[in-house]
file data.csv (CSV, N, CA and C atoms)
chain,number,residue,atom,x,y,z
V,1,GLN,N,-17.7,7.3,0.5
V,1,GLN,CA,-16.7,6.4,0.9
V,1,GLN,C,-15.4,6.6,0.1
V,2,VAL,N,-14.3,6.2,0.6
V,2,VAL,CA,-13.0,6.4,-0.1
V,2,VAL,C,-12.9,5.6,-1.3
V,3,HIS,N,-12.5,6.2,-2.4
V,3,HIS,CA,-12.3,5.5,-3.7
V,3,HIS,C,-10.8,5.6,-4.0
V,4,VAL,N,-10.2,4.4,-4.4
V,4,VAL,CA,-8.8,4.4,-4.8
V,4,VAL,C,-8.6,3.8,-6.2
V,5,VAL,N,-7.6,4.3,-6.9
V,5,VAL,CA,-7.2,3.7,-8.1
V,5,VAL,C,-5.7,3.5,-8.1
V,6,GLU,N,-5.4,2.2,-8.3
V,6,GLU,CA,-4.0,1.8,-8.3
V,6,GLU,C,-3.4,1.7,-9.7
V,7,SER,N,-2.1,1.9,-9.9
V,7,SER,CA,-1.5,1.8,-11.2
V,7,SER,C,0.0,1.5,-11.0
V,8,GLY,N,0.6,1.0,-12.0
V,8,GLY,CA,2.1,0.9,-12.0
V,8,GLY,C,2.7,-0.5,-11.9
V,9,GLY,N,1.8,-1.5,-11.8
V,9,GLY,CA,2.4,-2.8,-11.7
V,9,GLY,C,2.9,-3.3,-13.1
V,10,GLY,N,3.5,-4.5,-13.1
V,10,GLY,CA,4.1,-5.0,-14.3
V,10,GLY,C,5.0,-6.2,-14.0
V,11,LEU,N,5.7,-6.6,-15.1
V,11,LEU,CA,6.7,-7.6,-15.0
V,11,LEU,C,8.1,-7.1,-14.9
V,12,VAL,N,8.8,-7.5,-13.9
V,12,VAL,CA,10.2,-7.0,-13.7
V,12,VAL,C,11.1,-8.2,-13.3
V,13,GLN,N,12.3,-8.1,-13.6
V,13,GLN,CA,13.3,-9.2,-13.3
V,13,GLN,C,13.7,-9.0,-11.8
V,14,PRO,N,14.1,-10.1,-11.2
V,14,PRO,CA,14.7,-10.0,-9.8
V,14,PRO,C,15.8,-8.9,-9.7
V,15,GLY,N,15.7,-8.1,-8.7
V,15,GLY,CA,16.7,-7.1,-8.5
V,15,GLY,C,16.2,-5.8,-9.2
V,16,GLY,N,15.1,-5.8,-9.9
V,16,GLY,CA,14.6,-4.6,-10.6
V,16,GLY,C,13.8,-3.7,-9.7
V,17,ALA,N,13.2,-2.7,-10.3
V,17,ALA,CA,12.4,-1.7,-9.5
V,17,ALA,C,11.1,-1.4,-10.2
V,18,LEU,N,10.1,-1.1,-9.4
V,18,LEU,CA,8.8,-0.6,-9.9
V,18,LEU,C,8.3,0.5,-9.0
V,19,ARG,N,7.5,1.4,-9.5
V,19,ARG,CA,6.8,2.4,-8.7
V,19,ARG,C,5.3,2.3,-8.9
V,20,LEU,N,4.6,2.1,-7.8
V,20,LEU,CA,3.2,2.0,-7.8
V,20,LEU,C,2.6,3.3,-7.4
V,21,SER,N,1.4,3.7,-7.9
V,21,SER,CA,0.7,4.9,-7.6
V,21,SER,C,-0.7,4.6,-7.1
V,22,CYS,N,-1.2,5.3,-6.2
V,22,CYS,CA,-2.6,5.2,-5.8
V,22,CYS,C,-3.2,6.6,-5.6
V,23,ALA,N,-4.2,6.8,-6.4
V,23,ALA,CA,-5.0,8.1,-6.3
V,23,ALA,C,-6.2,7.9,-5.5
V,24,ALA,N,-6.4,8.6,-4.4
V,24,ALA,CA,-7.5,8.4,-3.5
V,24,ALA,C,-8.5,9.6,-3.5
V,25,SER,N,-9.7,9.4,-3.3
V,25,SER,CA,-10.7,10.4,-3.3
V,25,SER,C,-11.9,10.0,-2.4
V,26,GLY,N,-12.7,11.0,-2.0
V,26,GLY,CA,-13.9,10.7,-1.2
V,26,GLY,C,-13.7,10.7,0.3
V,27,PHE,N,-12.6,11.4,0.7
V,27,PHE,CA,-12.4,11.5,2.1
V,27,PHE,C,-13.4,12.5,2.8
V,28,THR,N,-13.9,12.1,3.9
V,28,THR,CA,-15.0,12.9,4.6
V,28,THR,C,-14.4,13.6,5.8
V,29,ARG,N,-13.2,13.2,6.2
V,29,ARG,CA,-12.5,13.9,7.3
V,29,ARG,C,-11.1,14.2,6.9
V,30,PRO,N,-10.4,15.2,7.6
V,30,PRO,CA,-9.1,15.7,7.1
V,30,PRO,C,-8.0,14.7,7.3
V,31,TYR,N,-8.1,13.8,8.3
V,31,TYR,CA,-7.0,12.9,8.6
V,31,TYR,C,-7.3,11.5,8.3
V,32,TYR,N,-6.3,10.8,7.8
V,32,TYR,CA,-6.5,9.4,7.4
V,32,TYR,C,-5.2,8.7,7.3
V,33,ALA,N,-5.2,7.4,7.3
V,33,ALA,CA,-4.1,6.6,7.0
V,33,ALA,C,-4.4,5.9,5.7
V,34,ILE,N,-3.3,5.6,4.9
V,34,ILE,CA,-3.5,5.0,3.6
V,34,ILE,C,-2.3,4.1,3.4
V,35,GLY,N,-2.5,3.1,2.6
V,35,GLY,CA,-1.3,2.2,2.4
V,35,GLY,C,-1.5,1.2,1.3
V,36,TRP,N,-0.4,0.4,1.3
V,36,TRP,CA,-0.4,-0.7,0.3
V,36,TRP,C,-0.4,-2.1,1.0
V,37,PHE,N,-1.2,-2.9,0.3
V,37,PHE,CA,-1.4,-4.3,0.8
V,37,PHE,C,-1.2,-5.2,-0.4
V,38,ARG,N,-0.8,-6.5,-0.1
V,38,ARG,CA,-0.6,-7.4,-1.3
V,38,ARG,C,-1.2,-8.8,-0.9
V,39,GLN,N,-1.5,-9.5,-2.0
V,39,GLN,CA,-2.0,-10.8,-1.8
V,39,GLN,C,-1.4,-11.7,-2.9
V,40,ALA,N,-0.6,-12.6,-2.5
V,40,ALA,CA,0.0,-13.6,-3.4
V,40,ALA,C,-0.9,-14.8,-3.6
V,41,PRO,N,-0.7,-15.5,-4.7
V,41,PRO,CA,-1.6,-16.7,-4.9
V,41,PRO,C,-1.5,-17.6,-3.7
V,42,GLY,N,-2.7,-18.0,-3.2
V,42,GLY,CA,-2.8,-19.0,-2.2
V,42,GLY,C,-2.4,-18.5,-0.8
V,43,LYS,N,-2.2,-17.1,-0.7
V,43,LYS,CA,-1.9,-16.6,0.6
V,43,LYS,C,-2.9,-15.5,1.0
V,44,GLU,N,-2.9,-15.2,2.3
V,44,GLU,CA,-3.7,-14.1,2.8
V,44,GLU,C,-3.2,-12.7,2.4
V,45,ARG,N,-4.1,-11.8,2.4
V,45,ARG,CA,-3.6,-10.4,2.1
V,45,ARG,C,-2.8,-9.9,3.3
V,46,GLU,N,-1.8,-9.1,3.1
V,46,GLU,CA,-1.0,-8.6,4.1
V,46,GLU,C,-0.7,-7.1,3.9
V,47,GLY,N,-0.4,-6.5,5.0
V,47,GLY,CA,0.0,-5.1,5.0
V,47,GLY,C,1.4,-4.9,4.6
V,48,VAL,N,1.7,-4.1,3.6
V,48,VAL,CA,3.1,-3.9,3.1
V,48,VAL,C,3.7,-2.6,3.7
V,49,SER,N,3.0,-1.5,3.5
V,49,SER,CA,3.4,-0.2,3.9
V,49,SER,C,2.3,0.8,4.0
V,50,CYS,N,2.3,1.6,5.1
V,50,CYS,CA,1.2,2.5,5.3
V,50,CYS,C,1.8,3.9,5.8
V,51,ILE,N,1.0,4.9,5.5
V,51,ILE,CA,1.4,6.3,6.0
V,51,ILE,C,0.2,7.0,6.4
V,52,SER,N,0.4,7.9,7.5
V,52,SER,CA,-0.6,8.7,8.0
V,52,SER,C,-0.4,10.1,7.4
V,53,ASN,N,-1.5,10.8,7.0
V,53,ASN,CA,-1.3,12.1,6.4
V,53,ASN,C,-1.2,13.2,7.4
V,54,ASP,N,-1.5,13.0,8.7
V,54,ASP,CA,-1.3,14.1,9.7
V,54,ASP,C,0.1,14.2,10.2
V,55,ASP,N,0.8,13.1,10.5
V,55,ASP,CA,2.1,13.2,11.0
V,55,ASP,C,3.2,12.5,10.1
V,56,ASP,N,2.7,12.0,9.0
V,56,ASP,CA,3.7,11.3,8.1
V,56,ASP,C,4.3,10.1,8.7
V,57,ALA,N,3.7,9.5,9.7
V,57,ALA,CA,4.2,8.3,10.3
V,57,ALA,C,4.1,7.2,9.3
V,58,THR,N,5.1,6.3,9.2
V,58,THR,CA,5.1,5.3,8.2
V,58,THR,C,5.2,3.9,8.9
V,59,PHE,N,4.8,2.9,8.3
V,59,PHE,CA,4.9,1.5,8.7
V,59,PHE,C,5.4,0.7,7.5
V,60,TYR,N,6.3,-0.2,7.8
V,60,TYR,CA,6.8,-1.1,6.7
V,60,TYR,C,6.8,-2.6,7.3
V,61,ALA,N,6.3,-3.5,6.5
V,61,ALA,CA,6.4,-4.9,6.9
V,61,ALA,C,7.9,-5.2,6.9
V,62,ASP,N,8.3,-6.2,7.8
V,62,ASP,CA,9.7,-6.5,7.9
V,62,ASP,C,10.3,-7.0,6.5
V,63,SER,N,9.4,-7.7,5.8
V,63,SER,CA,9.9,-8.3,4.5
V,63,SER,C,10.3,-7.2,3.5
V,64,VAL,N,9.9,-6.0,3.6
V,64,VAL,CA,10.2,-5.0,2.6
V,64,VAL,C,11.0,-3.8,3.2
V,65,LYS,N,11.3,-3.8,4.4
V,65,LYS,CA,12.1,-2.8,5.0
V,65,LYS,C,13.5,-2.6,4.3
V,66,GLY,N,13.8,-1.4,4.0
V,66,GLY,CA,15.1,-1.2,3.3
V,66,GLY,C,15.0,-1.3,1.8
V,67,ARG,N,13.9,-1.8,1.3
V,67,ARG,CA,13.8,-2.0,-0.2
V,67,ARG,C,12.6,-1.2,-0.7
V,68,PHE,N,11.6,-1.0,0.0
V,68,PHE,CA,10.4,-0.3,-0.4
V,68,PHE,C,10.3,1.1,0.3
V,69,THR,N,9.8,2.1,-0.4
V,69,THR,CA,9.6,3.4,0.2
V,69,THR,C,8.3,3.9,-0.1
V,70,ILE,N,7.5,4.3,0.9
V,70,ILE,CA,6.2,4.9,0.7
V,70,ILE,C,6.3,6.4,0.7
V,71,SER,N,5.6,7.1,-0.1
V,71,SER,CA,5.6,8.6,-0.1
V,71,SER,C,4.2,9.1,-0.4
V,72,MET,N,3.9,10.3,-0.1
V,72,MET,CA,2.6,10.9,-0.3
V,72,MET,C,2.6,12.3,-0.9
V,73,ASP,N,1.8,12.5,-1.9
V,73,ASP,CA,1.6,13.9,-2.4
V,73,ASP,C,0.3,14.3,-1.8
V,74,LYS,N,0.3,15.1,-0.7
V,74,LYS,CA,-0.9,15.5,0.0
V,74,LYS,C,-1.9,16.3,-0.8
V,75,ALA,N,-1.3,17.1,-1.7
V,75,ALA,CA,-2.1,18.0,-2.5
V,75,ALA,C,-3.0,17.2,-3.5
V,76,LYS,N,-2.5,16.0,-3.9
V,76,LYS,CA,-3.2,15.2,-4.9
V,76,LYS,C,-3.8,14.0,-4.2
V,77,ASN,N,-3.7,13.8,-2.9
V,77,ASN,CA,-4.2,12.6,-2.2
V,77,ASN,C,-3.7,11.4,-2.9
V,78,THR,N,-2.5,11.4,-3.3
V,78,THR,CA,-1.9,10.3,-4.0
V,78,THR,C,-0.7,9.7,-3.2
V,79,ILE,N,-0.6,8.4,-3.2
V,79,ILE,CA,0.6,7.8,-2.5
V,79,ILE,C,1.3,7.0,-3.6
V,80,TYR,N,2.6,6.8,-3.3
V,80,TYR,CA,3.5,6.0,-4.2
V,80,TYR,C,4.2,5.0,-3.4
V,81,LEU,N,4.5,3.9,-4.0
V,81,LEU,CA,5.4,2.9,-3.4
V,81,LEU,C,6.5,2.6,-4.4
V,82,GLN,N,7.7,3.0,-4.0
V,82,GLN,CA,8.9,2.8,-4.7
V,82,GLN,C,9.4,1.4,-4.3
V,83,MET,N,9.5,0.5,-5.2
V,83,MET,CA,9.9,-0.9,-4.8
V,83,MET,C,11.3,-1.2,-5.5
V,84,ASN,N,12.3,-1.3,-4.8
V,84,ASN,CA,13.6,-1.6,-5.3
V,84,ASN,C,14.1,-3.0,-4.9
V,85,SER,N,15.1,-3.5,-5.5
V,85,SER,CA,15.6,-4.8,-5.2
V,85,SER,C,14.5,-5.9,-5.1
V,86,LEU,N,13.7,-5.9,-6.1
V,86,LEU,CA,12.5,-6.8,-6.0
V,86,LEU,C,12.9,-8.3,-6.1
V,87,LYS,N,12.1,-9.1,-5.4
V,87,LYS,CA,12.4,-10.5,-5.3
V,87,LYS,C,11.2,-11.3,-5.8
V,88,PRO,N,11.4,-12.5,-6.2
V,88,PRO,CA,10.3,-13.3,-6.7
V,88,PRO,C,9.1,-13.4,-5.7
V,89,GLU,N,9.5,-13.4,-4.4
V,89,GLU,CA,8.5,-13.5,-3.4
V,89,GLU,C,7.7,-12.2,-3.2
V,90,ASP,N,8.0,-11.1,-3.9
V,90,ASP,CA,7.2,-9.9,-3.9
V,90,ASP,C,6.1,-10.0,-4.9
V,91,THR,N,6.1,-11.0,-5.7
V,91,THR,CA,5.0,-11.2,-6.7
V,91,THR,C,3.7,-11.3,-6.0
V,92,ALA,N,2.7,-10.5,-6.4
V,92,ALA,CA,1.4,-10.4,-5.8
V,92,ALA,C,0.6,-9.4,-6.5
V,93,VAL,N,-0.7,-9.4,-6.2
V,93,VAL,CA,-1.6,-8.3,-6.5
V,93,VAL,C,-1.5,-7.3,-5.4
V,94,TYR,N,-1.1,-6.0,-5.8
V,94,TYR,CA,-1.0,-5.0,-4.8
V,94,TYR,C,-2.2,-4.1,-4.8
V,95,TYR,N,-2.7,-3.9,-3.6
V,95,TYR,CA,-3.9,-3.1,-3.4
V,95,TYR,C,-3.6,-1.9,-2.5
V,96,CYS,N,-4.4,-0.8,-2.8
V,96,CYS,CA,-4.3,0.4,-2.0
V,96,CYS,C,-5.6,0.5,-1.2
V,97,ALA,N,-5.5,1.0,0.0
V,97,ALA,CA,-6.7,1.2,0.8
V,97,ALA,C,-6.4,2.3,1.8
V,98,ALA,N,-7.5,3.0,2.3
V,98,ALA,CA,-7.4,4.1,3.2
V,98,ALA,C,-8.5,4.0,4.2
V,99,ASP,N,-8.3,4.7,5.4
V,99,ASP,CA,-9.4,4.7,6.4
V,99,ASP,C,-9.1,5.9,7.3
V,100,HIS,N,-10.2,6.4,7.8
V,100,HIS,CA,-10.1,7.6,8.8
V,100,HIS,C,-9.8,7.1,10.2
V,101,ASP,N,-10.1,5.9,10.5
V,101,ASP,CA,-10.1,5.5,11.9
V,101,ASP,C,-8.8,4.8,12.4
V,102,TYR,N,-7.8,4.7,11.5
V,102,TYR,CA,-6.6,4.1,12.0
V,102,TYR,C,-5.4,5.0,11.7
V,103,GLY,N,-4.3,4.8,12.5
V,103,GLY,CA,-3.0,5.3,12.1
V,103,GLY,C,-2.3,4.4,11.2
V,104,SER,N,-1.2,4.7,10.7
V,104,SER,CA,-0.5,3.9,9.7
V,104,SER,C,-0.2,2.5,10.3
V,105,TYR,N,0.3,2.4,11.5
V,105,TYR,CA,0.6,1.1,12.0
V,105,TYR,C,-0.6,0.2,12.2
V,106,ASP,N,-1.7,0.8,12.7
V,106,ASP,CA,-2.9,0.0,12.9
V,106,ASP,C,-3.5,-0.4,11.6
V,107,LEU,N,-3.5,0.5,10.6
V,107,LEU,CA,-4.1,0.1,9.4
V,107,LEU,C,-3.4,-1.0,8.7
V,108,CYS,N,-2.1,-1.0,8.8
V,108,CYS,CA,-1.3,-2.0,8.1
V,108,CYS,C,-1.2,-3.3,8.8
V,109,THR,N,-1.4,-3.3,10.1
V,109,THR,CA,-1.3,-4.6,10.9
V,109,THR,C,-2.6,-5.2,11.2
V,110,VAL,N,-3.7,-4.4,11.4
V,110,VAL,CA,-4.9,-5.0,11.9
V,110,VAL,C,-6.1,-4.4,11.1
V,111,GLY,N,-6.1,-3.1,11.0
V,111,GLY,CA,-7.3,-2.4,10.5
V,111,GLY,C,-7.8,-2.9,9.1
V,112,TYR,N,-6.8,-3.2,8.2
V,112,TYR,CA,-7.1,-3.5,6.8
V,112,TYR,C,-8.1,-4.7,6.8
V,113,ARG,N,-8.0,-5.6,7.8
V,113,ARG,CA,-8.9,-6.8,7.8
V,113,ARG,C,-10.4,-6.4,7.8
V,114,PHE,N,-10.7,-5.2,8.3
V,114,PHE,CA,-12.0,-4.8,8.5
V,114,PHE,C,-12.5,-3.9,7.4
V,115,LEU,N,-11.7,-3.6,6.4
V,115,LEU,CA,-12.1,-2.6,5.4
V,115,LEU,C,-13.0,-3.3,4.4
V,116,GLY,N,-14.1,-2.6,4.0
V,116,GLY,CA,-15.0,-3.2,3.1
V,116,GLY,C,-14.8,-2.8,1.6
V,117,VAL,N,-14.0,-1.8,1.4
V,117,VAL,CA,-13.9,-1.3,0.0
V,117,VAL,C,-12.4,-1.3,-0.4
V,118,TRP,N,-12.1,-2.0,-1.5
V,118,TRP,CA,-10.8,-2.1,-2.0
V,118,TRP,C,-10.8,-1.7,-3.5
V,119,GLY,N,-9.6,-1.2,-4.0
V,119,GLY,CA,-9.5,-1.0,-5.4
V,119,GLY,C,-9.3,-2.3,-6.2
V,120,GLN,N,-9.1,-2.1,-7.5
V,120,GLN,CA,-9.0,-3.3,-8.3
V,120,GLN,C,-7.7,-4.0,-8.2
V,121,GLY,N,-6.7,-3.3,-7.6
V,121,GLY,CA,-5.4,-3.9,-7.5
V,121,GLY,C,-4.5,-3.8,-8.8
V,122,THR,N,-3.2,-3.9,-8.6
V,122,THR,CA,-2.3,-4.0,-9.7
V,122,THR,C,-1.3,-5.1,-9.5
V,123,LEU,N,-1.1,-5.9,-10.6
V,123,LEU,CA,-0.3,-7.1,-10.5
V,123,LEU,C,1.2,-6.8,-10.6
V,124,VAL,N,2.0,-7.2,-9.7
V,124,VAL,CA,3.4,-7.1,-9.8
V,124,VAL,C,4.0,-8.6,-9.9
V,125,THR,N,4.7,-8.8,-10.9
V,125,THR,CA,5.3,-10.1,-11.2
V,125,THR,C,6.8,-9.9,-11.2
V,126,VAL,N,7.5,-10.6,-10.3
V,126,VAL,CA,9.0,-10.6,-10.3
V,126,VAL,C,9.5,-11.9,-10.8
V,127,SER,N,10.0,-12.0,-12.0
V,127,SER,CA,10.4,-13.2,-12.6
V,127,SER,C,11.5,-13.0,-13.6
V,128,SER,N,12.4,-13.9,-13.8
V,128,SER,CA,13.4,-13.8,-14.8
V,128,SER,C,12.9,-14.6,-16.1
call {"tool": "encode", "arguments": {"input": "data.csv", "output": "structure tokens"}}
result
Amino acid sequence: QVHVVESGGGLVQPGGALRLSCAASGFTRPYYAIGWFRQAPGKEREGVSCISNDDDATFYADSVKGRFTISMDKAKNTIYLQMNSLKPEDTAVYYCAADHDYGSYDLCTVGYRFLGVWGQGTLVTVSS
């Protein structure tokens, strides 16, 4: 099964930036989608941004469009999430997850609800 390790969270002031990293391993097929999800206190987990490794198709939640950028180092099976212009409402635990059966859009909007394996997450706190 796919194993992911997230890193890069921390405390940042509103308007600041952070870069998250996710190293993935254990893929059994060549193509997969992988992405970032977050869960704020008292809220459900939501898809933030996902990318497919075969066609580089990306998905962004409306709340992060224009501020967050997802990228992938295919040689390292590692993805990054550059988060700029951070807002207090971006505060959450950010998780990385991947799956062979979805493209980037489906993973981020529906598929993540059915995933059984998640990383430990990394906390992002946006506060002054």
call {"tool": "select_by_dssp", "arguments": {"input": "data.csv", "residues": "range 3-128 of chain V", "states": "strand (DSSP E)", "output": "MDAnalysis selection string"}}
result
chainID V and resid 3:7 10:12 18:25 33:39 46:52 58:60 68:73 78:83 92:99 122:126
call {"tool": "residues_around", "arguments": {"input": "data.csv", "residues": "range 108-119 of chain V", "least_positions_apart": "6", "cutoff": "8 Å", "atoms": "only N, CA and C atoms", "output": "PyMOL selection string"}}
result
chain V and resi 2-6+33-37+46-51+59-61+94-99+101-102
call {"tool": "closest_residue", "arguments": {"input": "data.csv", "among": "V:Ala57, V:Ala40, V:Leu107, V:Pro14", "to": "Pro88 in chain V", "atoms": "only C-alpha atoms"}}
result
V:Pro14
call {"tool": "closest_residue", "arguments": {"input": "data.csv", "among": "V:Gln1, V:Ser21, V:Gln13, V:Thr58", "to": "Ile79 in chain V", "atoms": "only N, CA and C atoms"}}
result
V:Ser21
call {"tool": "atom_distance", "arguments": {"input": "data.csv", "atom1": "atom C of Thr91 in chain V", "atom2": "atom C of Ile70 in chain V"}}
result
19.1 Å
call {"tool": "select_by_dssp", "arguments": {"input": "data.csv", "residues": "chain V", "states": "helix (DSSP H, G or I)", "output": "list in words"}}
result
Lys74, Ala75, Lys76, Pro88, Glu89, Asp90, Ser104, Tyr105, Asp106, Leu107, Cys108, Thr109, Gly111, Tyr112, Arg113 and Phe114 of chain V
